[in-house]
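Participant: Structure file data06.cif (mmCIF, C-alpha atoms (C1' of nucleotides)) right here:
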data_work
loop_
_atom_site.label_atom_id
_atom_site.label_comp_id
_atom_site.auth_asym_id
_atom_site.auth_seq_id
_atom_site.Cartn_x
_atom_site.Cartn_y
_atom_site.Cartn_z
CA MET A 1 14.84 -12.47 98.93
CA SER A 2 14.03 -8.93 98.00
CA ALA A 3 15.89 -9.44 94.76
CA LEU A 4 13.30 -11.97 93.74
CA GLU A 5 10.69 -9.25 93.72
CA TYR A 6 12.44 -7.34 90.98
CA THR A 7 11.65 -8.09 87.37
CA PRO A 8 12.43 -5.90 84.36
CA TYR A 9 9.27 -7.08 82.65
CA VAL A 10 7.24 -4.81 84.88
CA ALA A 11 7.22 -1.28 83.54
CA ASP A 12 8.02 0.67 86.68
CA CYS A 13 10.35 -1.85 88.29
CA PRO A 14 13.70 -0.24 89.09
CA SER A 15 15.49 -3.22 87.58
CA ARG A 16 14.28 -2.17 84.17
CA GLN A 17 16.05 1.18 84.45
CA LEU A 18 19.12 -0.60 85.71
CA LEU A 19 18.96 -2.97 82.76
CA ASP A 20 18.75 0.02 80.45
CA ARG A 21 21.84 1.54 82.00
CA ILE A 22 24.05 -1.51 81.96
CA GLY A 23 22.93 -2.57 78.50
CA ASP A 24 23.70 0.88 77.23
CA ARG A 25 26.05 1.18 74.28
CA TRP A 26 28.69 3.30 75.96
CA SER A 27 28.38 1.60 79.35
CA VAL A 28 29.24 -1.79 77.91
CA LEU A 29 32.28 -0.50 76.05
CA THR A 30 33.45 1.76 78.86
CA ILE A 31 33.35 -1.09 81.36
CA GLY A 32 35.09 -3.31 78.86
CA SER A 33 37.90 -0.82 78.45
CA LEU A 34 38.66 -1.11 82.16
CA VAL A 35 39.15 -4.87 82.35
CA ASP A 36 42.92 -4.75 82.44
CA GLY A 37 43.20 -2.39 85.36
CA PRO A 38 42.75 1.32 86.13
CA GLN A 39 42.83 3.68 83.18
CA ARG A 40 43.09 7.37 82.61
CA TYR A 41 40.24 9.30 81.10
CA SER A 42 42.13 9.87 77.86
CA THR A 43 43.00 6.19 77.56
CA ILE A 44 39.37 5.18 77.85
CA ALA A 45 38.44 7.81 75.30
CA ASN A 46 40.94 6.32 72.88
CA ARG A 47 39.84 2.76 73.45
CA VAL A 48 36.16 3.45 72.99
CA GLU A 49 36.38 4.82 69.48
CA GLY A 50 33.83 7.42 68.55
CA VAL A 51 32.61 8.30 72.02
CA SER A 52 32.26 12.03 72.59
CA GLN A 53 33.74 13.48 75.74
CA LYS A 54 30.29 14.49 76.85
CA MET A 55 28.97 10.95 76.67
CA LEU A 56 32.08 9.42 78.18
CA THR A 57 31.98 11.74 81.17
CA GLN A 58 28.26 11.19 81.55
CA THR A 59 28.68 7.43 81.35
CA LEU A 60 31.56 7.37 83.82
CA ARG A 61 29.57 9.49 86.29
CA ALA A 62 26.62 7.12 86.06
CA LEU A 63 28.86 4.10 86.54
CA GLU A 64 30.47 5.76 89.52
CA ARG A 65 27.11 6.59 91.00
CA ASP A 66 26.03 2.97 90.66
CA GLY A 67 29.16 1.81 92.43
CA LEU A 68 30.58 0.13 89.35
CA VAL A 69 33.71 2.22 88.96
CA THR A 70 35.83 4.37 91.25
CA ARG A 71 37.19 7.75 90.27
CA THR A 72 40.57 8.76 91.65
CA VAL A 73 41.96 12.25 91.19
CA PHE A 74 45.70 12.74 91.52
CA PRO A 75 46.45 16.29 92.65
CA GLU A 76 48.87 17.09 89.89
CA ILE A 77 49.25 19.58 87.14
CA PRO A 78 48.25 18.73 84.55
CA PRO A 79 45.32 16.81 86.11
CA HIS A 80 45.47 13.05 86.30
CA VAL A 81 42.31 11.01 86.85
CA GLU A 82 42.01 7.26 86.95
CA TYR A 83 38.96 5.09 86.71
CA GLU A 84 38.85 1.54 87.99
CA LEU A 85 36.26 -1.20 88.13
CA THR A 86 34.92 -2.06 91.56
CA ASP A 87 34.17 -5.64 92.55
CA ARG A 88 30.60 -5.04 91.54
CA GLY A 89 31.75 -3.60 88.25
CA ARG A 90 33.88 -6.64 87.60
CA SER A 91 30.97 -8.95 88.33
CA LEU A 92 28.96 -7.02 85.77
CA ARG A 93 31.81 -7.23 83.31
CA ASN A 94 31.70 -10.99 83.71
CA VAL A 95 28.20 -11.09 82.26
CA LEU A 96 28.86 -8.41 79.64
CA GLU A 97 31.90 -10.10 78.20
CA PRO A 98 29.91 -13.07 76.84
CA LEU A 99 27.52 -10.59 75.26
CA GLU A 100 30.37 -8.76 73.59
CA ARG A 101 31.84 -12.02 72.42
CA TRP A 102 28.49 -13.21 71.11
CA ALA A 103 28.24 -10.10 68.97
CA THR A 104 31.62 -10.59 67.33
CA GLU A 105 31.23 -14.35 66.91
CA HIS A 106 27.80 -14.16 65.29
CA MET A 107 28.38 -11.07 63.21
CA ASP A 108 28.87 -13.01 59.98
CA ASP A 109 25.78 -15.17 60.45
CA VAL A 110 23.66 -12.16 61.28
CA ALA A 111 24.93 -10.27 58.27
CA GLU A 112 23.97 -13.23 56.11
CA SER A 113 20.49 -13.39 57.59
CA ARG A 114 20.03 -9.70 56.96
CA ALA A 115 21.05 -10.05 53.34
CA GLU A 116 18.53 -12.88 52.87
CA TYR A 117 15.79 -10.95 54.60
CA ASP A 118 16.37 -7.84 52.54
CA ALA A 119 16.52 -9.81 49.31
CA ARG A 120 12.98 -11.16 49.58
CA MET B 1 38.91 -16.35 61.87
CA SER B 2 36.90 -13.54 60.44
CA ALA B 3 35.08 -13.17 63.73
CA LEU B 4 38.36 -12.24 65.34
CA GLU B 5 38.52 -9.17 63.16
CA TYR B 6 35.36 -7.73 64.62
CA THR B 7 35.51 -5.53 67.67
CA PRO B 8 32.83 -3.17 68.94
CA TYR B 9 35.48 -0.79 70.19
CA VAL B 10 36.07 0.37 66.65
CA ALA B 11 33.53 2.97 65.64
CA ASP B 12 32.48 1.65 62.25
CA CYS B 13 32.73 -2.05 63.04
CA PRO B 14 29.45 -3.84 62.31
CA SER B 15 29.67 -5.62 65.64
CA ARG B 16 29.07 -2.33 67.39
CA GLN B 17 25.71 -1.91 65.69
CA LEU B 18 24.90 -5.50 66.49
CA LEU B 19 25.81 -4.92 70.11
CA ASP B 20 23.50 -1.92 70.14
CA ARG B 21 20.65 -4.00 68.80
CA ILE B 22 20.98 -6.96 71.11
CA GLY B 23 21.63 -4.80 74.15
CA ASP B 24 18.56 -2.78 73.37
CA ARG B 25 15.95 -2.46 76.06
CA TRP B 26 13.07 -4.00 74.14
CA SER B 27 15.18 -6.62 72.41
CA VAL B 28 16.36 -8.08 75.70
CA LEU B 29 12.87 -8.28 77.14
CA THR B 30 11.26 -9.49 73.92
CA ILE B 31 13.73 -12.32 73.59
CA GLY B 32 13.25 -13.14 77.25
CA SER B 33 9.51 -13.40 76.80
CA LEU B 34 10.04 -16.16 74.25
CA VAL B 35 12.11 -18.51 76.40
CA ASP B 36 9.27 -20.90 77.17
CA GLY B 37 8.28 -21.55 73.58
CA PRO B 38 6.48 -19.78 70.74
CA GLN B 39 4.19 -16.92 71.69
CA ARG B 40 1.53 -14.86 70.04
CA TYR B 41 2.04 -11.18 69.43
CA SER B 42 -0.50 -10.20 72.07
CA THR B 43 1.10 -12.48 74.64
CA ILE B 44 4.49 -10.89 74.13
CA ALA B 45 2.89 -7.46 74.37
CA ASN B 46 1.39 -8.42 77.72
CA ARG B 47 4.60 -9.89 79.09
CA VAL B 48 6.76 -6.94 78.16
CA GLU B 49 4.89 -4.36 80.15
CA GLY B 50 4.87 -0.86 78.78
CA VAL B 51 6.05 -1.64 75.27
CA SER B 52 4.11 0.20 72.58
CA GLN B 53 2.84 -1.81 69.65
CA LYS B 54 5.02 0.22 67.37
CA MET B 55 8.19 -0.63 69.24
CA LEU B 56 7.24 -4.25 69.70
CA THR B 57 6.58 -4.73 66.00
CA GLN B 58 9.74 -2.88 65.12
CA THR B 59 11.77 -4.96 67.56
CA LEU B 60 10.31 -8.25 66.34
CA ARG B 61 11.03 -7.31 62.73
CA ALA B 62 14.62 -6.53 63.57
CA LEU B 63 15.02 -9.78 65.47
CA GLU B 64 13.50 -11.67 62.57
CA ARG B 65 15.81 -9.94 60.13
CA ASP B 66 18.81 -10.91 62.23
CA GLY B 67 17.68 -14.53 62.27
CA LEU B 68 16.96 -14.52 66.00
CA VAL B 69 13.23 -15.23 65.83
CA THR B 70 10.89 -16.78 63.31
CA ARG B 71 7.51 -15.35 62.43
CA THR B 72 4.72 -17.76 61.59
CA VAL B 73 1.37 -16.56 60.26
CA PHE B 74 -1.61 -18.87 60.62
CA PRO B 75 -4.12 -18.16 57.85
CA GLU B 76 -7.10 -17.70 60.13
CA ILE B 77 -9.62 -15.06 60.91
CA PRO B 78 -8.97 -13.35 63.19
CA PRO B 79 -5.25 -13.39 62.39
CA HIS B 80 -2.92 -15.55 64.44
CA VAL B 81 0.83 -14.92 64.45
CA GLU B 82 3.43 -16.72 66.47
CA TYR B 83 7.01 -15.79 67.18
CA GLU B 84 9.64 -18.27 68.21
CA LEU B 85 13.33 -18.12 69.07
CA THR B 86 15.70 -19.68 66.56
CA ASP B 87 18.75 -21.63 67.69
CA ARG B 88 20.74 -18.45 67.27
CA GLY B 89 18.16 -16.56 69.27
CA ARG B 90 18.39 -19.10 72.06
CA SER B 91 22.18 -18.85 72.10
CA LEU B 92 21.79 -15.11 72.51
CA ARG B 93 19.25 -15.61 75.25
CA ASN B 94 21.81 -17.69 77.09
CA VAL B 95 24.09 -14.69 77.42
CA LEU B 96 21.26 -12.22 78.08
CA GLU B 97 19.76 -14.18 80.92
CA PRO B 98 22.77 -13.65 83.21
CA LEU B 99 22.55 -9.96 82.43
CA GLU B 100 18.90 -9.85 83.36
CA ARG B 101 19.62 -11.78 86.51
CA TRP B 102 22.52 -9.51 87.41
CA ALA B 103 20.20 -6.51 87.23
CA THR B 104 17.64 -7.97 89.62
CA GLU B 105 20.22 -9.40 92.00
CA HIS B 106 22.22 -6.19 92.33
CA MET B 107 19.32 -3.78 92.31
CA ASP B 108 19.42 -3.21 96.07
CA ASP B 109 23.17 -2.63 96.20
CA VAL B 110 23.03 -0.21 93.30
CA ALA B 111 20.16 1.71 94.86
CA GLU B 112 22.22 2.04 98.02
CA SER B 113 25.24 3.31 96.12
CA ARG B 114 23.08 5.87 94.38
CA ALA B 115 21.69 7.14 97.63
CA GLU B 116 25.22 7.56 99.02
CA TYR B 117 26.43 9.28 95.89
CA ASP B 118 23.53 11.71 95.83
CA ALA B 119 23.90 12.46 99.53
CA ARG B 120 27.41 13.84 99.22
"C1'" DC C 1 -5.83 -9.87 66.05
"C1'" DG C 2 -1.86 -8.03 64.25
"C1'" DG C 3 -0.35 -4.94 62.24
"C1'" DA C 4 0.87 -0.20 58.95
"C1'" DA C 5 0.99 4.78 58.56
"C1'" DT C 6 1.11 9.34 60.29
"C1'" DC C 7 1.92 12.99 63.50
"C1'" DC C 8 4.60 15.03 66.84
"C1'" DC C 9 7.19 15.95 70.96
"C1'" DG C 10 11.00 14.90 74.09
"C1'" DT C 11 15.68 13.60 74.87
"C1'" DC C 12 19.85 11.85 73.32
"C1'" DG C 13 23.88 13.05 71.92
"C1'" DG C 14 27.29 15.53 68.80
"C1'" DA C 15 29.81 19.99 67.96
"C1'" DT C 16 31.75 23.87 69.83
"C1'" DA C 17 33.71 26.96 73.17
"C1'" DC C 18 35.58 27.83 77.69
"C1'" DT C 19 38.17 26.62 82.35
"C1'" DG C 20 41.11 25.08 86.56
"C1'" DC D 1 44.53 16.74 80.99
"C1'" DA D 2 40.03 16.38 82.29
"C1'" DG D 3 36.61 18.19 82.45
"C1'" DT D 4 31.88 21.88 82.30
"C1'" DA D 5 28.37 24.61 79.77
"C1'" DT D 6 25.52 25.70 75.95
"C1'" DC D 7 23.34 25.24 71.74
"C1'" DC D 8 20.74 22.60 68.57
"C1'" DG D 9 19.60 19.00 65.12
"C1'" DA D 10 18.31 14.15 64.61
"C1'" DC D 11 15.56 10.50 65.79
"C1'" DG D 12 13.62 7.41 69.14
"C1'" DG D 13 9.42 6.31 70.45
"C1'" DG D 14 4.46 7.30 72.20
"C1'" DA D 15 -0.40 8.31 70.77
"C1'" DT D 16 -3.66 7.99 67.44
"C1'" DT D 17 -6.01 6.38 63.38
"C1'" DC D 18 -7.02 3.11 59.89
"C1'" DC D 19 -6.88 -1.64 57.57
"C1'" DG D 20 -7.11 -6.94 55.99
#
With the file now loaded, output its structure as structure tokens.
Facilitator:
Amino acid sequence: MSALEYTPYVADCPSRQLLDRIGDRWSVLTIGSLVDGPQRYSTIANRVEGVSQKMLTQTLRALERDGLVTRTVFPEIPPHVEYELTDRGRSLRNVLEPLERWATEHMDDVAESRAEYDAR
Amino acid sequence: MSALEYTPYVADCPSRQLLDRIGDRWSVLTIGSLVDGPQRYSTIANRVEGVSQKMLTQTLRALERDGLVTRTVFPEIPPHVEYELTDRGRSLRNVLEPLERWATEHMDDVAESRAEYDAR
DNA sequence: CGGAATCCCGTCGGATACTG
DNA sequence: CAGTATCCGACGGGATTCCG
């Protein structure tokens, strides 16, 4: 019932900050790159084109802190680190995937609307 | 078929910019404030607590440009402007609502994870 | 009432260099 | 390989002022 008291429309409600985090550019793509199982840091970096290592590390740390991904270090040389979605992370992915799909499916229509808007 | 060629994981793909826009903090809340029909500017401003008038206007313009909301000016004094979701806007809302709900429903769990993470 | 325009500061985030 | 640390420029976004 406590969840019903949260609403992101209120400025200082914690759910607004959470919404910011999970709607974040790199968070969405990072989580998406983990859908098909655990991945190494370098693999994620390759999948999420254009992300700097600073932002990727920062994003992964935040996701780990929020209990959305786990970080596993294999004591090897050279280092080997794997990131994996938790159950909670997967449940979030389930609502992010439609968003990602919406973006790709409506890209053409949006581009058309933009052209019309800019023309007038 | 063209939609299949878009993927936000590629740096310069237009869908990435679109994903940024629609995942944006103010965009999500602004769209959400329009679910129950057309609203005046001031009403939206009140519902989305903490939004500055600059950001609200900017957000509404972007949403209008992308064909997600319509802007209707009533020639009255004082001015009267109403914003309303388009069909496309409503389809987007349908995928944003689960995201918003996820944030409120998992807020407690996430807060707990954060506390644990920070403690160690 | 619903903006537009300007100023200005904070932080986001990229580039670079270094390390276990 | 998987980071950390530092520097620093760009710009997001708030506060303020003015307008039709």
Participant: Record the distance separating CA of Asp87 (chain A) and CA of Glu105 (chain A), expressed in Å with one decimal.
Facilitator: 27.2 Å
Participant: Do a neighbour search on DG20 (chain D) at 12 Å with all atoms listed in the file, toss out local chain neighbours closer than 6 positions, and write the hits as a ChimeraX atom specification.
Facilitator: /B:75-79 /C:1-4
Participant: Could you please select, counting only C-alpha atoms (C1' of nucleotides), the residues of chain A within 9 Å of chain C and state them as a PyMOL selection string?
Facilitator: chain A and resi 52+54-55
Participant: When the PyMOL selection byres ((chain D) within 10 of (chain B)) is applied to the structure above, which residues does it catch, written out as a PyMOL selection string?
Facilitator: chain D and resi 12-15+20
Participant: What's the separation between CA of Ser33 (chain B) and CA of Ala45 (chain B), in Å to one decimal place?
Facilitator: 9.2 Å
Participant: As an exercise, work out the distance from CA of Tyr9 (chain B) to CA of Glu49 (chain A) in Å and give it to one decimal place.
Facilitator: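 CA of Glu49 (chain A) lies 5.7 Å from CA of Tyr9 (chain B).
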Participant: Which residues of chain B sit at most 7 Å from chain A, using all atoms listed in the file? Give each one's shortest atom pair and distance in Å (one decimal place), in chain and ascending residue order, as JSON lines.
Facilitator:
{"residue": "B:Ala3", "atom": "CA", "partner": "A:Glu105", "partner_atom": "CA", "distance": 5.1}
{"residue": "B:Tyr6", "atom": "CA", "partner": "A:Thr104", "partner_atom": "CA", "distance": 5.4}
{"residue": "B:Thr7", "atom": "CA", "partner": "A:Thr104", "partner_atom": "CA", "distance": 6.4}
{"residue": "B:Tyr9", "atom": "CA", "partner": "A:Val48", "partner_atom": "CA", "distance": 5.1}
{"residue": "B:Val10", "atom": "CA", "partner": "A:Glu49", "partner_atom": "CA", "distance": 5.3}
{"residue": "B:Ala11", "atom": "CA", "partner": "A:Glu49", "partner_atom": "CA", "distance": 5.1}
{"residue": "B:Ser15", "atom": "CA", "partner": "A:Thr104", "partner_atom": "CA", "distance": 5.6}
{"residue": "B:Leu18", "atom": "CA", "partner": "A:Ala103", "partner_atom": "CA", "distance": 6.2}
{"residue": "B:Leu19", "atom": "CA", "partner": "A:Ala103", "partner_atom": "CA", "distance": 5.8}
{"residue": "B:Asp20", "atom": "CA", "partner": "A:Arg25", "partner_atom": "CA", "distance": 5.8}
{"residue": "B:Gly23", "atom": "CA", "partner": "A:Gly23", "partner_atom": "CA", "distance": 5.1}
{"residue": "B:Asp24", "atom": "CA", "partner": "A:Gly23", "partner_atom": "CA", "distance": 6.7}
{"residue": "B:Arg25", "atom": "CA", "partner": "A:Asp20", "partner_atom": "CA", "distance": 5.8}
{"residue": "B:Leu29", "atom": "CA", "partner": "A:Tyr9", "partner_atom": "CA", "distance": 6.7}
{"residue": "B:Arg47", "atom": "CA", "partner": "A:Tyr9", "partner_atom": "CA", "distance": 6.5}
{"residue": "B:Val48", "atom": "CA", "partner": "A:Tyr9", "partner_atom": "CA", "distance": 5.1}
{"residue": "B:Glu49", "atom": "CA", "partner": "A:Ala11", "partner_atom": "CA", "distance": 5.1}
{"residue": "B:Gly50", "atom": "CA", "partner": "A:Ala11", "partner_atom": "CA", "distance": 5.3}
{"residue": "B:Arg65", "atom": "CA", "partner": "A:Arg114", "partner_atom": "CA", "distance": 5.3}
{"residue": "B:Asp66", "atom": "CA", "partner": "A:Val110", "partner_atom": "CA", "distance": 5.1}
{"residue": "B:Gly67", "atom": "CA", "partner": "A:Ser113", "partner_atom": "CA", "distance": 5.6}
{"residue": "B:Val95", "atom": "CA", "partner": "A:Leu99", "partner_atom": "CA", "distance": 5.8}
{"residue": "B:Pro98", "atom": "CA", "partner": "A:Val95", "partner_atom": "CA", "distance": 6.1}
{"residue": "B:Leu99", "atom": "CA", "partner": "A:Val95", "partner_atom": "CA", "distance": 5.8}
{"residue": "B:Glu100", "atom": "CA", "partner": "A:Leu19", "partner_atom": "CA", "distance": 6.9}
{"residue": "B:Ala103", "atom": "CA", "partner": "A:Ser15", "partner_atom": "CA", "distance": 5.8}
{"residue": "B:Thr104", "atom": "CA", "partner": "A:Tyr6", "partner_atom": "CA", "distance": 5.4}
{"residue": "B:Glu105", "atom": "CA", "partner": "A:Ala3", "partner_atom": "CA", "distance": 5.1}
{"residue": "B:Met107", "atom": "CA", "partner": "A:Ser15", "partner_atom": "CA", "distance": 6.1}
{"residue": "B:Val110", "atom": "CA", "partner": "A:Asp66", "partner_atom": "CA", "distance": 5.1}
{"residue": "B:Ser113", "atom": "CA", "partner": "A:Asp66", "partner_atom": "CA", "distance": 5.5}
{"residue": "B:Arg114", "atom": "CA", "partner": "A:Arg65", "partner_atom": "CA", "distance": 5.3}
{"residue": "B:Tyr117", "atom": "CA", "partner": "A:Arg65", "partner_atom": "CA", "distance": 5.6}
